[in-house]
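S.K.: Input file: model37.txt. Contents: compact mmCIF, C-alpha atoms and all ligand atoms.
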# COMPACT_ATOMS: atom_id res chain seq x y z
CA MET A 228 -11.31 -9.85 -3.84
CA ILE A 229 -11.50 -6.04 -3.80
CA GLU A 230 -14.45 -4.30 -5.46
CA VAL A 231 -14.77 -0.52 -5.53
CA ALA A 232 -17.97 0.85 -7.10
CA GLY A 233 -18.89 4.48 -7.63
CA LEU A 234 -16.84 5.69 -4.69
CA THR A 235 -17.31 9.39 -4.00
CA LYS A 236 -15.84 11.43 -1.15
CA LEU A 237 -16.89 15.04 -0.71
CA TYR A 238 -15.18 17.56 1.56
CA GLY A 239 -17.77 20.33 1.53
CA GLU A 240 -18.38 20.86 -2.17
CA PHE A 241 -14.95 19.55 -3.17
CA ALA A 242 -14.93 16.00 -4.56
CA ALA A 243 -11.71 14.30 -3.46
CA LEU A 244 -13.14 11.19 -5.16
CA ASP A 245 -15.78 11.31 -7.89
CA ASP A 246 -17.35 7.99 -8.88
CA VAL A 247 -14.22 5.83 -8.70
CA SER A 248 -14.64 2.15 -9.62
CA PHE A 249 -12.15 -0.69 -10.03
CA SER A 250 -11.60 -4.26 -8.90
CA VAL A 251 -8.63 -6.37 -7.92
CA PRO A 252 -8.92 -10.14 -8.39
CA GLN A 253 -7.42 -12.41 -5.75
CA GLY A 254 -3.67 -12.91 -6.09
CA GLU A 255 -3.03 -9.81 -8.19
CA ILE A 256 -0.91 -6.75 -7.47
CA LEU A 257 -2.68 -3.54 -8.44
CA ALA A 258 -0.56 -0.43 -8.92
CA PHE A 259 -2.59 2.60 -7.92
CA LEU A 260 -1.23 5.70 -9.62
CA GLY A 261 -2.05 9.36 -9.86
CA PRO A 262 -0.46 12.78 -9.38
CA ASN A 263 -0.31 14.28 -5.90
CA GLY A 264 -3.81 15.18 -4.75
CA ALA A 265 -5.49 12.71 -7.15
CA GLY A 266 -7.26 10.84 -4.34
CA LYS A 267 -5.04 7.78 -3.80
CA SER A 268 -4.69 8.10 -0.03
CA THR A 269 -8.38 8.95 0.30
CA THR A 270 -9.26 5.70 -1.50
CA MET A 271 -6.86 3.70 0.66
CA LYS A 272 -8.22 5.27 3.84
CA ILE A 273 -11.75 4.28 2.80
CA LEU A 274 -10.63 0.72 2.02
CA THR A 275 -8.94 0.43 5.40
CA GLY A 276 -11.92 1.86 7.28
CA TYR A 277 -10.24 5.08 8.45
CA ILE A 278 -12.81 7.30 6.73
CA SER A 279 -16.25 6.66 5.22
CA PRO A 280 -17.22 7.42 1.63
CA THR A 281 -19.93 9.99 0.93
CA SER A 282 -21.47 7.51 -1.52
CA GLY A 283 -20.54 4.37 -3.40
CA THR A 284 -19.32 1.07 -1.98
CA ALA A 285 -16.12 -0.83 -1.42
CA THR A 286 -15.97 -4.49 -0.48
CA ILE A 287 -13.07 -6.71 0.48
CA GLY A 288 -13.69 -10.45 0.27
CA GLY A 289 -17.38 -9.66 -0.19
CA LEU A 290 -17.59 -7.60 3.03
CA ASP A 291 -18.55 -3.95 2.90
CA VAL A 292 -15.73 -1.82 4.33
CA THR A 293 -18.13 0.53 6.10
CA SER A 294 -20.75 -1.82 7.54
CA HIS A 295 -18.24 -4.62 8.29
CA SER A 296 -15.30 -2.42 9.23
CA ILE A 297 -13.91 -4.65 12.00
CA GLU A 298 -14.03 -7.87 9.94
CA VAL A 299 -12.49 -6.07 6.99
CA ARG A 300 -9.64 -4.71 9.13
CA ARG A 301 -8.89 -8.26 10.28
CA ARG A 302 -8.37 -9.24 6.67
CA ILE A 303 -6.11 -6.40 5.62
CA GLY A 304 -2.62 -5.22 6.40
CA TYR A 305 -2.04 -1.50 5.85
CA LEU A 306 1.30 0.20 5.50
CA PRO A 307 0.58 3.96 5.44
CA GLU A 308 2.99 6.36 3.78
CA THR A 309 4.45 7.35 7.13
CA THR A 310 4.76 4.18 9.12
CA PRO A 311 3.36 4.51 12.62
CA LEU A 312 6.21 3.24 14.83
CA TYR A 313 7.16 3.85 18.46
CA TYR A 314 10.75 5.03 18.24
CA ASP A 315 11.67 4.29 21.84
CA MET A 316 10.54 0.65 21.61
CA GLN A 317 12.88 -2.10 20.48
CA VAL A 318 11.89 -3.93 17.30
CA ASN A 319 11.04 -7.12 19.22
CA GLU A 320 9.00 -5.18 21.80
CA PHE A 321 7.07 -3.31 19.13
CA LEU A 322 6.23 -6.51 17.27
CA ALA A 323 5.16 -8.25 20.49
CA PHE A 324 2.89 -5.25 21.08
CA THR A 325 1.54 -5.52 17.52
CA ALA A 326 0.90 -9.26 17.99
CA ARG A 327 -1.14 -8.50 21.12
CA LEU A 328 -3.07 -5.73 19.33
CA ARG A 329 -3.81 -8.13 16.49
CA LYS A 330 -5.06 -10.66 19.05
CA ILE A 331 -2.67 -13.42 17.99
CA PRO A 332 -3.25 -16.17 20.60
CA ARG A 333 -0.53 -16.12 23.27
CA ASP A 334 0.86 -19.56 22.38
CA LEU A 335 1.23 -18.59 18.72
CA ARG A 336 2.81 -15.17 19.24
CA GLU A 337 6.43 -16.25 19.38
CA GLY A 338 6.10 -18.34 16.23
CA ARG A 339 4.37 -15.53 14.41
CA MET A 340 7.02 -13.02 15.43
CA GLY A 341 9.70 -15.40 14.17
CA TRP A 342 7.80 -15.67 10.89
CA VAL A 343 7.62 -11.90 10.28
CA ALA A 344 11.24 -11.52 11.44
CA GLU A 345 12.37 -14.06 8.88
CA ILE A 346 10.29 -12.70 6.01
CA CYS A 347 11.39 -9.11 6.68
CA ASP A 348 14.96 -10.02 7.69
CA LEU A 349 14.77 -8.25 11.05
CA GLU A 350 17.26 -10.43 12.91
CA PRO A 351 20.25 -8.02 12.47
CA PHE A 352 18.42 -5.29 14.45
CA TRP A 353 15.90 -7.34 16.42
CA LYS A 354 16.73 -5.76 19.79
CA LYS A 355 17.59 -2.25 18.63
CA PRO A 356 15.40 0.76 19.43
CA ILE A 357 13.34 1.61 16.33
CA GLY A 358 14.52 5.25 16.53
CA VAL A 359 18.11 4.34 15.59
CA LEU A 360 17.19 2.29 12.49
CA SER A 361 17.69 3.45 8.89
CA ARG A 362 14.59 4.38 6.88
CA GLY A 363 14.77 1.06 5.00
CA GLN A 364 15.01 -0.90 8.26
CA LYS A 365 12.09 1.04 9.71
CA GLN A 366 10.08 0.24 6.59
CA ARG A 367 10.82 -3.47 7.07
CA VAL A 368 9.57 -3.20 10.67
CA GLY A 369 6.41 -1.42 9.43
CA PHE A 370 5.91 -4.15 6.84
CA ALA A 371 6.37 -6.83 9.52
CA ALA A 372 3.71 -5.16 11.67
CA ALA A 373 1.36 -4.92 8.67
CA ILE A 374 1.57 -8.68 7.95
CA MET A 375 1.59 -9.88 11.60
CA HIS A 376 -1.95 -11.27 11.34
CA ASP A 377 -1.21 -12.89 7.95
CA PRO A 378 -3.84 -10.77 6.14
CA GLU A 379 -5.37 -11.78 2.82
CA VAL A 380 -5.05 -8.25 1.47
CA LEU A 381 -2.16 -5.79 1.74
CA ILE A 382 -2.55 -2.07 1.14
CA LEU A 383 0.77 -0.29 0.73
CA ASP A 384 0.96 3.50 0.38
CA GLU A 385 4.23 4.40 -1.38
CA PRO A 386 6.19 1.62 0.34
CA THR A 387 9.53 2.51 -1.26
CA ALA A 388 9.35 6.33 -1.00
CA GLY A 389 12.59 7.75 0.35
CA LEU A 390 14.54 4.49 0.26
CA ASP A 391 17.97 4.02 -1.33
CA PRO A 392 18.31 1.68 -4.35
CA ASN A 393 19.36 -1.36 -2.28
CA GLN A 394 16.53 -0.84 0.17
CA ILE A 395 14.10 -0.49 -2.74
CA ILE A 396 15.27 -3.85 -4.10
CA ASP A 397 14.76 -5.42 -0.66
CA ILE A 398 11.23 -4.06 -0.22
CA ARG A 399 10.24 -5.03 -3.74
CA ALA A 400 11.50 -8.58 -3.14
CA LEU A 401 9.46 -8.62 0.06
CA ILE A 402 6.32 -7.50 -1.75
CA ARG A 403 6.89 -10.02 -4.53
CA SER A 404 7.38 -12.91 -2.11
CA PHE A 405 4.21 -11.96 -0.31
CA ALA A 406 2.25 -11.51 -3.52
CA GLN A 407 2.24 -15.20 -4.28
CA ARG A 408 -0.51 -15.78 -1.70
CA LYS A 409 -2.08 -12.33 -1.34
CA THR A 410 -3.98 -9.55 -3.04
CA ILE A 411 -2.07 -6.26 -2.97
CA ILE A 412 -2.84 -2.61 -3.72
CA LEU A 413 0.27 -0.52 -4.00
CA SER A 414 0.41 3.21 -4.55
CA THR A 415 3.62 4.55 -6.00
CA HIS A 416 5.11 7.40 -8.00
CA ILE A 417 7.80 5.13 -9.45
CA LEU A 418 6.61 3.80 -12.78
CA GLN A 419 9.53 1.35 -12.87
CA GLU A 420 8.01 -0.17 -9.75
CA VAL A 421 4.73 -0.73 -11.56
CA LYS A 422 6.52 -2.65 -14.30
CA ALA A 423 8.57 -4.59 -11.75
CA LEU A 424 5.69 -5.63 -9.51
CA ALA A 425 2.18 -5.04 -10.74
CA THR A 426 -0.19 -7.03 -12.93
CA LYS A 427 -2.94 -4.41 -13.02
CA VAL A 428 -2.86 -0.62 -13.01
CA VAL A 429 -5.47 1.96 -12.08
CA ILE A 430 -4.71 5.65 -12.65
CA ILE A 431 -6.80 8.34 -11.01
CA ASN A 432 -6.66 12.04 -11.72
CA GLU A 433 -8.54 14.75 -9.85
CA GLY A 434 -10.66 12.12 -8.12
CA ARG A 435 -11.70 10.25 -11.28
CA THR A 436 -10.57 6.93 -12.75
CA VAL A 437 -8.75 7.59 -16.04
CA ALA A 438 -7.30 4.10 -16.61
CA ASP A 439 -8.10 0.60 -15.39
CA SER A 440 -6.07 -1.95 -17.29
CA ASP A 441 -3.47 -4.70 -17.36
CA VAL A 442 0.01 -3.17 -17.21
CA PRO A 443 1.24 -4.51 -20.60
CA GLU A 444 -2.03 -3.52 -22.28
CA LEU A 445 -1.79 0.10 -21.10
CA SER A 446 1.91 0.32 -22.06
CA THR A 447 1.18 -1.02 -25.51
CA ARG A 448 -1.78 1.31 -26.04
CA PHE A 449 0.25 4.46 -25.27
CA GLY A 450 3.73 3.32 -26.32
CA ASP A 451 4.96 3.03 -22.76
CA LEU A 452 3.76 3.50 -19.22
CA GLU A 453 5.34 6.95 -18.82
CA LYS A 454 3.46 8.22 -21.87
CA ALA A 455 0.22 6.69 -20.60
CA PHE A 456 0.60 8.39 -17.25
CA ARG A 457 1.54 11.68 -18.83
CA GLU A 458 -1.32 11.74 -21.33
CA LEU A 459 -3.96 10.56 -18.89
CA THR A 460 -3.05 13.03 -16.18
CA VAL A 461 -2.36 16.09 -18.31
CA GLY A 462 -4.24 19.05 -16.97
CA ALA A 463 -3.47 18.01 -13.44
CA SER A 464 -3.06 21.10 -11.32
CA VAL A 465 0.04 19.71 -9.63
CA PRO A 466 3.45 18.69 -11.01
CA VAL A 467 3.85 15.18 -12.42
CA PRO A 468 6.18 12.91 -10.44
CA ALA A 469 9.93 12.68 -11.02
CA GLY A 470 10.87 10.44 -13.93
CA VAL A 471 8.14 11.59 -16.30
CA GLU A 472 9.43 15.06 -17.15
CA ASP A 473 9.49 16.18 -20.78
CA GLY A 474 12.04 14.27 -22.78
CA ASP A 475 12.79 11.84 -19.97
CA SER A 476 11.94 8.39 -21.20
CA SER A 477 14.24 6.55 -18.82
CA ASP A 478 12.87 4.03 -16.39
CA GLY A 479 14.04 6.06 -13.43
P1 LIG B 1 -3.18 11.63 -3.08
O1 LIG B 1 -3.04 10.56 -2.03
O2 LIG B 1 -3.52 11.10 -4.43
O3 LIG B 1 -2.01 12.57 -3.12
P2 LIG B 1 -5.33 12.54 -1.36
O4 LIG B 1 -6.27 11.40 -1.38
O5 LIG B 1 -4.46 12.70 -0.15
O6 LIG B 1 -4.45 12.54 -2.69
O7 LIG B 1 -6.17 13.91 -1.51
C1 LIG B 1 -7.11 14.09 -2.55
C2 LIG B 1 -7.67 15.50 -2.46
O8 LIG B 1 -8.51 15.60 -1.31
C3 LIG B 1 -6.60 16.57 -2.31
O9 LIG B 1 -7.01 17.70 -3.06
C4 LIG B 1 -6.63 16.88 -0.82
O10 LIG B 1 -6.22 18.20 -0.57
C5 LIG B 1 -8.10 16.67 -0.49
N1 LIG B 1 -8.29 16.27 0.91
C6 LIG B 1 -7.79 15.17 1.50
N2 LIG B 1 -8.20 15.11 2.79
C7 LIG B 1 -8.96 16.21 3.01
C8 LIG B 1 -9.68 16.73 4.15
N3 LIG B 1 -9.68 16.09 5.31
N4 LIG B 1 -10.35 17.89 3.99
C9 LIG B 1 -10.37 18.53 2.81
N5 LIG B 1 -9.72 18.10 1.70
C10 LIG B 1 -9.03 16.96 1.80
Produce structure tokens that represent the structure in this file.
M.R.:
Amino acid sequence: MIEVAGLTKLYGEFAALDDVSFSVPQGEILAFLGPNGAGKSTTMKILTGYISPTSGTATIGGLDVTSHSIEVRRRIGYLPETTPLYYDMQVNEFLAFTARLRKIPRDLREGRMGWVAEICDLEPFWKKPIGVLSRGQKQRVGFAAAIMHDPEVLILDEPTAGLDPNQIIDIRALIRSFAQRKTIILSTHILQEVKALATKVVIINEGRTVADSDVPELSTRFGDLEKAFRELTVGASVPVPAGVEDGDSSDG
């Protein structure tokens, strides 16, 4: 469903991405890992058509993300790390606005809004201004907006960052329920999340792919996922994420 081949992104002489390749079969959840600055967001921005690669290709459902940008965007839902929400709009108003933007036919809009409200459990704050919601509630609204057009592919950039443990459980359940029919790429710093959700894992470091594997296979090869991440990203010029410090073998 998603094919990335030889993706390179140069900023001047600096390679944010250097020949990155991986694929995600339909119906799988890919965990996309790497230290800060590794190139995760750059890859996601290319996949979602926000920026163009310097060279290499990415296709979604067989369509090139650069030459078929509009068609590709119709097929994907994107939840960026900081969810773009209008804080002075009520949840219902914002989602009605999203439904119009996504060109959901007028007679289907109400049904579709009810569908996202149910999936994301928005009823308790349906008519509240987005600005007063908790971070977890805002994330559910962002998720609802991302799935409004029932996309085949979901791209989620650190969807549980900054959430409390209960909110994390809620968002993971949401992702899991959606995964049954969709293809998902999920970037995260929480290795526990990878084990809880993902079938495949790609690790990038300094713009290069250093692992592309099934989750159990990578864990078995290195002993566990924390060790795999640590060993494959050693030499990174930035600190490793919380939960993988020396001597910390807990699941976070
Ligand atoms: P990650 O999401 O893995 O933390 P990014 O994809 O955001 O990493 O960034 C990868 C590298 O590219 C970083 O070194 C970052 O500073 C650099 N970078 C990202 N965007 C730009 C830009 N517009 N101009 C120059 N360098 C950039």
S.K.: For CA of Leu381 (chain A) and CA of Asp246 (chain A), quote the distance in Å rounded to one decimal.
M.R.: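 Separation of CA of Leu381 (chain A) and CA of Asp246 (chain A): 23.1 Å.
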S.K.: Take CA of Pro280 (chain A) and CA of Val421 (chain A) and report the distance between them in Å, one decimal.
M.R.: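 CA of Pro280 (chain A) sits 26.9 Å away from CA of Val421 (chain A).
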S.K.: When you look at region 351-357 of chain A with a cut-off of 7 Å (counting only C-alpha atoms), what residues show up, excluding the ones that are within fewer than 4 positions of it in the same chain? I need them as a list of chain:residue names.
M.R.: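 In the requested form, the answer reads A:Tyr313, A:Tyr314, A:Asp315, A:Met316, A:Gln317, A:Val318, A:Asn319, A:Lys365.
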S.K.: So which one's closest to Gly358 (chain A), A:Leu312, A:Ala438, A:Leu335, A:Ile402? Using only C-alpha atoms, please.
M.R.: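 Closest to Gly358 (chain A) of all the choices is A:Leu312.
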S.K.: At what distance in Å, to one decimal, does CA of Asp397 (chain A) lie from CA of Lys272 (chain A)?
M.R.: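 Separation of CA of Lys272 (chain A) and CA of Asp397 (chain A): 25.7 Å.
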S.K.: Let me see if you get this right: every residue at most 6 Å from ligand LIG 1 (chain B), counting all atoms listed in the file, written as a compact mmCIF listing (two decimals) with C-alpha atoms, keeping the file's coordinate frame.
M.R.:
# COMPACT_ATOMS: atom_id res chain seq x y z
CA TYR A 238 -15.18 17.56 1.56
CA ALA A 243 -11.71 14.30 -3.46
CA GLY A 261 -2.05 9.36 -9.86
CA ASN A 263 -0.31 14.28 -5.90
CA GLY A 264 -3.81 15.18 -4.75
CA ALA A 265 -5.49 12.71 -7.15
CA GLY A 266 -7.26 10.84 -4.34
CA LYS A 267 -5.04 7.78 -3.80
CA SER A 268 -4.69 8.10 -0.03
CA THR A 269 -8.38 8.95 0.30
S.K.: Of the residues A:Leu306, A:Val231, A:Met375, A:Leu260, which is the one nearest to Ser282 (chain A), using only C-alpha atoms?
M.R.: A:Val231
S.K.: Identify, on the basis of only C-alpha atoms, every residue whose closest approach to Thr387 (chain A) does not exceed 10 Å; exclude the query and any residue fewer than 6 positions from it along the same chain; express the result as number ranges by chain.
M.R.: A: 308, 362-363, 366, 394-399, 414-417, 420
S.K.: Show me, as JSON, the centre and edge lengths in Å to one decimal of the axis-aligned box that covers every listed atom of region 412-428 of chain A with 5 Å on each side.
M.R.:
{"center_x": 3.3, "center_y": 0.2, "center_z": -9.0, "size_x": 22.5, "size_y": 24.4, "size_z": 20.6}
S.K.: Of the candidates A:Phe321, A:Ile412, A:Arg327, A:Gly254, which shows the shortest atom-to-atom distance to Met271 (chain A), using all atoms listed in the file?
M.R.: A:Ile412
S.K.: I need the residue nearest Arg408 (chain A) from this list: A:Ile297, A:Val380, A:Ala373, A:Ala258. Use all atoms listed in the file for the distance.
M.R.: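 Looking only at the distances to Arg408 (chain A), the closest residue turns out to be A:Val380.
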S.K.: List every protein, DNA or RNA residue that has at least one atom no more than 12 Å from (-10.4, 2.1, 2.3) in the file's coordinates, counting only C-alpha atoms, and write the result as a count of residues only.
M.R.: 43
S.K.: If we count only C-alpha atoms, what is near Leu452 (chain A) at a cut-off of 9 Å, once residues fewer than 6 positions away on the same chain are taken out, given as a ChimeraX atom specification?
M.R.: /A:418-419,421-422,442-443,445-446
S.K.: Any chance you can output those residues with C-alpha atoms as a PDB file, in the frame of the given file?
M.R.:
ATOM      1  CA  LEU A 418       6.610   3.800 -12.780  1.00  0.00           C
ATOM      2  CA  GLN A 419       9.530   1.350 -12.870  1.00  0.00           C
ATOM      3  CA  VAL A 421       4.730  -0.730 -11.560  1.00  0.00           C
ATOM      4  CA  LYS A 422       6.520  -2.650 -14.300  1.00  0.00           C
ATOM      5  CA  VAL A 442       0.010  -3.170 -17.210  1.00  0.00           C
ATOM      6  CA  PRO A 443       1.240  -4.510 -20.600  1.00  0.00           C
ATOM      7  CA  LEU A 445      -1.790   0.100 -21.100  1.00  0.00           C
ATOM      8  CA  SER A 446       1.910   0.320 -22.060  1.00  0.00           C
TER       9      SER A 446
END
S.K.: Give me the residues within 9 Å of Ile346 (chain A) as a list in words, counting all atoms listed in the file and dropping any in the same chain fewer than 4 places off.
M.R.: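 Once the adjacent positions are removed, what remains is Gly341, Trp342, Ala371, Leu401, Ser404 and Phe405 of chain A.
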